[in-house]
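K.L.:
Just so it is clear, I am handing over start19.csv, which has CSV, C-alpha atoms.
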chain,number,residue,atom,x,y,z
A,4,MET,CA,0.0,0.0,0.0
A,5,THR,CA,1.3,3.4,-0.9
A,6,THR,CA,0.8,6.3,1.5
A,7,LEU,CA,1.4,9.9,0.8
A,8,GLY,CA,2.7,11.0,4.2
A,9,LEU,CA,3.9,10.2,7.7
A,10,HIS,CA,2.4,11.9,10.7
A,11,VAL,CA,4.4,11.7,13.9
A,12,ILE,CA,2.5,12.7,17.0
A,13,ALA,CA,4.6,13.2,20.1
A,14,ASP,CA,4.3,14.6,23.6
A,15,ILE,CA,7.6,15.9,25.1
A,16,GLY,CA,8.1,16.0,28.9
A,17,GLY,CA,10.7,17.5,31.1
A,18,ALA,CA,11.2,20.4,28.7
A,19,SER,CA,12.2,24.0,29.5
A,20,GLY,CA,12.0,27.4,27.9
A,21,LEU,CA,8.4,26.7,26.9
A,22,ASP,CA,7.2,30.2,27.7
A,23,ASP,CA,9.9,31.7,25.4
A,24,CYS,CA,8.3,32.5,22.0
A,25,ALA,CA,11.6,33.3,20.3
A,26,ARG,CA,13.1,30.1,21.4
A,27,ILE,CA,10.1,28.0,20.2
A,28,ASP,CA,10.2,29.8,16.9
A,29,ALA,CA,13.9,29.0,16.5
A,30,THR,CA,13.3,25.5,17.5
A,31,LEU,CA,10.6,24.9,14.9
A,32,ARG,CA,12.8,26.4,12.1
A,33,SER,CA,15.7,24.3,13.2
A,34,ALA,CA,13.5,21.2,13.2
A,35,ALA,CA,12.4,21.9,9.7
A,36,GLN,CA,16.0,22.3,8.6
A,37,ALA,CA,16.9,19.0,10.3
A,38,ALA,CA,14.1,17.3,8.5
A,39,GLY,CA,15.3,18.6,5.1
A,40,VAL,CA,11.9,20.2,4.3
A,41,THR,CA,10.9,23.6,2.9
A,42,VAL,CA,9.4,26.3,5.1
A,43,LEU,CA,6.5,28.3,3.5
A,44,ASP,CA,5.4,30.2,6.6
A,45,VAL,CA,5.8,30.3,10.4
A,46,ARG,CA,3.1,31.5,12.7
A,47,MET,CA,3.5,31.9,16.5
A,48,HIS,CA,1.1,32.9,19.3
A,49,HIS,CA,2.2,33.6,22.8
A,50,PHE,CA,-0.5,33.3,25.5
A,51,GLY,CA,1.3,35.8,27.7
A,52,GLU,CA,4.1,36.2,30.1
A,53,GLY,CA,5.0,32.9,31.7
A,54,CYS,CA,2.3,31.1,29.7
A,55,GLY,CA,2.5,28.7,26.7
A,56,VAL,CA,3.2,29.2,23.1
A,57,THR,CA,1.5,27.8,19.9
A,58,GLY,CA,3.6,27.6,16.8
A,59,VAL,CA,2.9,26.2,13.3
A,60,VAL,CA,5.3,25.9,10.4
A,61,LEU,CA,3.6,25.5,7.0
A,62,LEU,CA,5.8,23.3,4.9
A,63,ALA,CA,5.9,22.5,1.2
A,64,GLU,CA,5.7,18.9,2.6
A,65,SER,CA,2.8,19.6,5.1
A,66,HIS,CA,3.4,21.0,8.6
A,67,ILE,CA,5.1,21.0,12.0
A,68,SER,CA,3.2,22.3,15.1
A,69,ILE,CA,3.9,22.7,18.8
A,70,HIS,CA,1.8,23.7,21.7
A,71,THR,CA,3.5,24.2,25.1
A,72,TRP,CA,2.5,24.1,28.7
A,73,PRO,CA,5.4,25.5,30.7
A,74,GLU,CA,3.5,24.9,34.0
A,75,HIS,CA,3.7,21.1,33.3
A,76,ALA,CA,7.1,21.2,31.4
A,77,LEU,CA,5.1,19.6,28.5
A,78,ALA,CA,5.0,20.2,24.7
A,79,ALA,CA,2.7,18.7,22.2
A,80,VAL,CA,4.3,18.3,18.8
A,81,ASP,CA,3.1,17.0,15.5
A,82,ILE,CA,5.3,16.5,12.5
A,83,PHE,CA,3.4,15.7,9.2
A,84,VAL,CA,5.7,15.2,6.2
A,85,CYS,CA,5.2,14.0,2.7
A,86,GLY,CA,7.8,12.7,0.4
A,87,PRO,CA,10.5,10.0,0.9
A,88,LEU,CA,13.3,12.5,1.8
A,89,ALA,CA,11.6,14.3,4.7
A,90,ASP,CA,13.1,13.1,8.0
A,91,ALA,CA,10.5,13.4,10.8
A,92,ASP,CA,12.7,11.6,13.2
A,93,ALA,CA,15.4,14.2,12.8
A,94,ALA,CA,12.9,17.0,13.3
A,95,LEU,CA,11.6,15.4,16.6
A,96,ALA,CA,15.2,14.8,17.8
A,97,GLU,CA,16.0,18.4,17.2
A,98,ILE,CA,13.0,19.7,19.1
A,99,CYS,CA,13.8,17.4,22.1
A,100,ALA,CA,17.5,18.5,22.0
A,101,ARG,CA,16.6,22.2,21.9
A,102,LEU,CA,14.0,22.0,24.6
A,103,GLY,CA,16.0,19.7,26.8
A,104,GLY,CA,13.0,17.2,27.0
A,105,HIS,CA,12.2,13.6,26.1
A,106,VAL,CA,9.4,11.9,24.3
A,107,VAL,CA,6.8,10.6,26.7
A,108,MET,CA,4.2,9.5,24.1
A,109,ARG,CA,4.6,8.9,20.3
A,110,ARG,CA,2.3,7.6,17.6
A,111,ASP,CA,3.4,7.3,13.9
A,112,ILE,CA,0.5,7.4,11.5
A,113,ALA,CA,0.7,6.6,7.8
A,114,ARG,CA,-1.5,9.2,6.0
A,115,LEU,CA,-3.4,9.0,2.8
A,116,ALA,CA,-3.4,5.5,1.6
A,117,LEU,CA,-3.7,5.1,-2.2
A,118,GLY,CA,-5.2,2.1,-3.9
B,575,MET,CA,-5.6,9.7,34.1
B,576,THR,CA,-6.1,13.4,33.1
B,577,THR,CA,-5.1,14.5,29.7
B,578,LEU,CA,-5.0,18.1,28.4
B,579,GLY,CA,-6.2,17.5,24.9
B,580,LEU,CA,-7.7,15.4,22.2
B,581,HIS,CA,-6.1,15.0,18.8
B,582,VAL,CA,-8.3,13.7,16.0
B,583,ILE,CA,-6.3,12.6,12.9
B,584,ALA,CA,-8.5,11.9,9.8
B,585,ASP,CA,-8.1,11.3,6.1
B,586,ILE,CA,-11.2,12.2,4.1
B,587,GLY,CA,-11.8,10.6,0.7
B,588,GLY,CA,-14.2,11.3,-2.1
B,589,ALA,CA,-13.9,15.0,-1.5
B,590,SER,CA,-14.3,17.8,-4.0
B,591,GLY,CA,-13.3,21.5,-4.4
B,592,LEU,CA,-9.9,20.6,-2.9
B,593,ASP,CA,-8.1,23.1,-5.2
B,594,ASP,CA,-10.3,26.0,-4.2
B,595,CYS,CA,-8.4,27.9,-1.5
B,596,ALA,CA,-11.3,30.2,-0.6
B,597,ARG,CA,-13.5,27.2,-0.1
B,598,ILE,CA,-11.0,25.4,2.1
B,599,ASP,CA,-10.5,28.6,4.1
B,600,ALA,CA,-14.2,28.9,4.7
B,601,THR,CA,-14.4,25.2,5.6
B,602,LEU,CA,-11.8,25.6,8.3
B,603,ARG,CA,-13.4,28.6,9.8
B,604,SER,CA,-16.8,26.9,9.8
B,605,ALA,CA,-15.2,23.8,11.4
B,606,ALA,CA,-13.8,25.9,14.2
B,607,GLN,CA,-17.2,27.5,14.7
B,608,ALA,CA,-18.8,24.1,14.8
B,609,ALA,CA,-16.3,23.0,17.4
B,610,GLY,CA,-17.0,26.0,19.6
B,611,VAL,CA,-13.4,27.1,19.7
B,612,THR,CA,-11.7,30.5,19.3
B,613,VAL,CA,-9.8,31.3,16.1
B,614,LEU,CA,-6.5,33.2,16.7
B,615,ASP,CA,-5.2,33.1,13.1
B,616,VAL,CA,-5.7,31.4,9.8
B,617,ARG,CA,-3.0,30.7,7.3
B,618,MET,CA,-3.5,29.3,3.8
B,619,HIS,CA,-1.1,28.2,1.0
B,620,HIS,CA,-2.3,27.3,-2.5
B,621,PHE,CA,0.2,25.2,-4.4
B,622,GLY,CA,-1.1,26.5,-7.7
B,623,GLU,CA,-4.0,26.3,-10.2
B,624,GLY,CA,-5.5,22.8,-10.0
B,625,CYS,CA,-3.2,21.9,-7.2
B,626,GLY,CA,-3.7,21.3,-3.5
B,627,VAL,CA,-4.1,23.6,-0.5
B,628,THR,CA,-2.6,23.7,2.9
B,629,GLY,CA,-4.5,25.5,5.7
B,630,VAL,CA,-3.9,25.9,9.4
B,631,VAL,CA,-6.1,27.5,12.0
B,632,LEU,CA,-4.4,28.5,15.2
B,633,LEU,CA,-6.8,28.2,18.0
B,634,ALA,CA,-6.9,29.3,21.6
B,635,GLU,CA,-7.5,25.6,22.2
B,636,SER,CA,-4.6,24.3,19.8
B,637,HIS,CA,-5.2,24.0,16.0
B,638,ILE,CA,-7.0,22.6,13.0
B,639,SER,CA,-5.1,21.8,9.8
B,640,ILE,CA,-5.9,20.5,6.4
B,641,HIS,CA,-3.8,19.4,3.4
B,642,THR,CA,-5.5,18.5,0.2
B,643,TRP,CA,-4.7,16.4,-2.9
B,644,PRO,CA,-7.4,17.2,-5.5
B,645,GLU,CA,-5.9,14.6,-7.9
B,646,HIS,CA,-6.7,11.9,-5.4
B,647,ALA,CA,-9.9,13.5,-4.0
B,648,LEU,CA,-8.2,13.2,-0.6
B,649,ALA,CA,-7.8,15.6,2.3
B,650,ALA,CA,-5.6,15.0,5.4
B,651,VAL,CA,-7.1,16.7,8.5
B,652,ASP,CA,-6.0,17.1,12.1
B,653,ILE,CA,-8.1,18.6,14.8
B,654,PHE,CA,-6.3,19.2,18.1
B,655,VAL,CA,-8.4,20.7,20.8
B,656,CYS,CA,-8.0,21.3,24.6
B,657,GLY,CA,-10.7,21.8,27.1
B,658,PRO,CA,-13.9,19.9,27.8
B,659,LEU,CA,-16.1,22.1,25.7
B,660,ALA,CA,-14.3,21.8,22.3
B,661,ASP,CA,-16.1,19.5,20.0
B,662,ALA,CA,-13.7,17.8,17.6
B,663,ASP,CA,-16.4,15.5,16.2
B,664,ALA,CA,-18.5,18.5,15.2
B,665,ALA,CA,-15.5,20.1,13.4
B,666,LEU,CA,-14.8,16.9,11.5
B,667,ALA,CA,-18.4,16.4,10.5
B,668,GLU,CA,-18.5,20.0,9.2
B,669,ILE,CA,-15.4,19.5,7.1
B,670,CYS,CA,-16.8,16.3,5.6
B,671,ALA,CA,-20.1,18.0,4.9
B,672,ARG,CA,-18.5,21.0,3.2
B,673,LEU,CA,-16.1,19.0,1.1
B,674,GLY,CA,-18.7,16.3,0.2
B,675,GLY,CA,-16.3,13.6,1.5
B,676,HIS,CA,-16.2,10.8,4.1
B,677,VAL,CA,-13.7,9.6,6.7
B,678,VAL,CA,-11.5,6.8,5.3
B,679,MET,CA,-9.1,6.7,8.3
B,680,ARG,CA,-9.4,8.1,11.8
B,681,ARG,CA,-7.3,8.0,14.9
B,682,ASP,CA,-8.1,9.7,18.2
B,683,ILE,CA,-5.2,10.4,20.4
B,684,ALA,CA,-5.3,11.6,24.0
B,685,ARG,CA,-2.6,14.2,24.4
B,686,LEU,CA,-0.5,15.3,27.3
B,687,ALA,CA,-1.2,12.9,30.2
B,688,LEU,CA,-0.8,14.4,33.6
B,689,GLY,CA,0.2,12.5,36.7
With the file now loaded, output its structure as structure tokens.
P.N.:
Amino acid sequence: MTTLGLHVIADIGGASGLDDCARIDATLRSAAQAAGVTVLDVRMHHFGEGCGVTGVVLLAESHISIHTWPEHALAAVDIFVCGPLADADAALAEICARLGGHVVMRRDIARLALG
Amino acid sequence: MTTLGLHVIADIGGASGLDDCARIDATLRSAAQAAGVTVLDVRMHHFGEGCGVTGVVLLAESHISIHTWPEHALAAVDIFVCGPLADADAALAEICARLGGHVVMRRDIARLALG
């Protein structure tokens, strides 16, 4: 069965800097670079001083998103990439490294089965 | 176990109008309204005449995204909502209704377990 994409859903625990919008922005851009994908747009929203951040990177190959809860040291990530060259594992590893956290839940979902 | 969010991953088949950026934009906004969530930002990217569309809605409650492949009549949707009042089922039903498609794959993932 051919599928068009891979969607990696991951929760990251024990992370820090989750209320730092600039840091999350840089983390997402670095993750996209690690994955070898093409960034079309980056949108960030900061819920306020000491609060969480939402960030989404629109890719030519789909998207990467993050939502953070600094009060729980938790970040919810999803990395959806299409094409055989996009490396979702590398993107997730980069996010963990930059946030100093580790994966506490992960699901890999094959998207868009053909035929 | 308490979790902070629900992430609904769904592929929609047999859909139409998937190369119509304005239609996809309106579909996402309508889905957010159906879910009872708060829209912070909407970002769309059209890959060109007759080609697919990527759209992301940043929500106060997380996000809704869509990626479309008109050549396969397929759309990949994810609806990530936090809070007990956000209705992901209603959002997915609204997207299917507006695009004239049906769910061919769905996974529901509880996000961000606490304690």
K.L.:
Based on only C-alpha atoms, which of the residues in chain B come within 10 Å of chain A? I want them as a ChimeraX atom specification.
P.N.:
/B:578-579,581,583-587,614-619,621,627-637,639-643,646,648-652,654,678-681,683-689
K.L.:
Since we have the selection now, will you write its residues out, keeping C-alpha atoms, as an mmCIF file, in the coordinates of the input?
P.N.:
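Wrote it out as selection-v3.cif, contents follow:
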data_model
loop_
_atom_site.group_PDB
_atom_site.id
_atom_site.type_symbol
_atom_site.label_atom_id
_atom_site.label_comp_id
_atom_site.auth_asym_id
_atom_site.auth_seq_id
_atom_site.Cartn_x
_atom_site.Cartn_y
_atom_site.Cartn_z
ATOM 1 C CA LEU B 578 -5.000 18.100 28.400
ATOM 2 C CA GLY B 579 -6.200 17.500 24.900
ATOM 3 C CA HIS B 581 -6.100 15.000 18.800
ATOM 4 C CA ILE B 583 -6.300 12.600 12.900
ATOM 5 C CA ALA B 584 -8.500 11.900 9.800
ATOM 6 C CA ASP B 585 -8.100 11.300 6.100
ATOM 7 C CA ILE B 586 -11.200 12.200 4.100
ATOM 8 C CA GLY B 587 -11.800 10.600 0.700
ATOM 9 C CA LEU B 614 -6.500 33.200 16.700
ATOM 10 C CA ASP B 615 -5.200 33.100 13.100
ATOM 11 C CA VAL B 616 -5.700 31.400 9.800
ATOM 12 C CA ARG B 617 -3.000 30.700 7.300
ATOM 13 C CA MET B 618 -3.500 29.300 3.800
ATOM 14 C CA HIS B 619 -1.100 28.200 1.000
ATOM 15 C CA PHE B 621 0.200 25.200 -4.400
ATOM 16 C CA VAL B 627 -4.100 23.600 -0.500
ATOM 17 C CA THR B 628 -2.600 23.700 2.900
ATOM 18 C CA GLY B 629 -4.500 25.500 5.700
ATOM 19 C CA VAL B 630 -3.900 25.900 9.400
ATOM 20 C CA VAL B 631 -6.100 27.500 12.000
ATOM 21 C CA LEU B 632 -4.400 28.500 15.200
ATOM 22 C CA LEU B 633 -6.800 28.200 18.000
ATOM 23 C CA ALA B 634 -6.900 29.300 21.600
ATOM 24 C CA GLU B 635 -7.500 25.600 22.200
ATOM 25 C CA SER B 636 -4.600 24.300 19.800
ATOM 26 C CA HIS B 637 -5.200 24.000 16.000
ATOM 27 C CA SER B 639 -5.100 21.800 9.800
ATOM 28 C CA ILE B 640 -5.900 20.500 6.400
ATOM 29 C CA HIS B 641 -3.800 19.400 3.400
ATOM 30 C CA THR B 642 -5.500 18.500 0.200
ATOM 31 C CA TRP B 643 -4.700 16.400 -2.900
ATOM 32 C CA HIS B 646 -6.700 11.900 -5.400
ATOM 33 C CA LEU B 648 -8.200 13.200 -0.600
ATOM 34 C CA ALA B 649 -7.800 15.600 2.300
ATOM 35 C CA ALA B 650 -5.600 15.000 5.400
ATOM 36 C CA VAL B 651 -7.100 16.700 8.500
ATOM 37 C CA ASP B 652 -6.000 17.100 12.100
ATOM 38 C CA PHE B 654 -6.300 19.200 18.100
ATOM 39 C CA VAL B 678 -11.500 6.800 5.300
ATOM 40 C CA MET B 679 -9.100 6.700 8.300
ATOM 41 C CA ARG B 680 -9.400 8.100 11.800
ATOM 42 C CA ARG B 681 -7.300 8.000 14.900
ATOM 43 C CA ILE B 683 -5.200 10.400 20.400
ATOM 44 C CA ALA B 684 -5.300 11.600 24.000
ATOM 45 C CA ARG B 685 -2.600 14.200 24.400
ATOM 46 C CA LEU B 686 -0.500 15.300 27.300
ATOM 47 C CA ALA B 687 -1.200 12.900 30.200
ATOM 48 C CA LEU B 688 -0.800 14.400 33.600
ATOM 49 C CA GLY B 689 0.200 12.500 36.700
#
K.L.:
Please list as a PyMOL selection string every residue within 12 Å of Glu52 of chain A, counting all atoms listed in the file and excluding residues in the same chain fewer than 3 positions away.
P.N.:
chain A and resi 21-24+48-49+55-56+73-74
K.L.:
For the atom pair atom CA of Asp661 of chain B and atom CA of Asp682 of chain B, what is the interatomic distance in Å to one decimal place?
P.N.:
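These atoms are spaced 12.8 Å apart.
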K.L.:
Can you pull out the residues contacting segment 607-610 of chain B? Cut-off 6 Å, using only C-alpha atoms, and skip same-chain residues under 5 positions away; I want them as an NGL selection string.
P.N.:
:B and (660-662 or 664-665)
K.L.:
Can you pull out the residues contacting segment 95-102 of chain A? Cut-off 6 Å, using only C-alpha atoms, and skip same-chain residues under 4 positions away; I want them as a list in words.
P.N.:
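Residues near the query, excluding close chain neighbours: Ala18, Ser19 and Ala34 of chain A.
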K.L.:
What's the separation between atom CA of Leu659 of chain B and atom CA of Asp599 of chain B, in Å to one decimal place?
P.N.:
23.2 Å
K.L.:
Distance atom CA of Asp663 of chain B-atom CA of Thr612 of chain B, one decimal place?
P.N.:
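Interatomic distance here is 16.0 Å.
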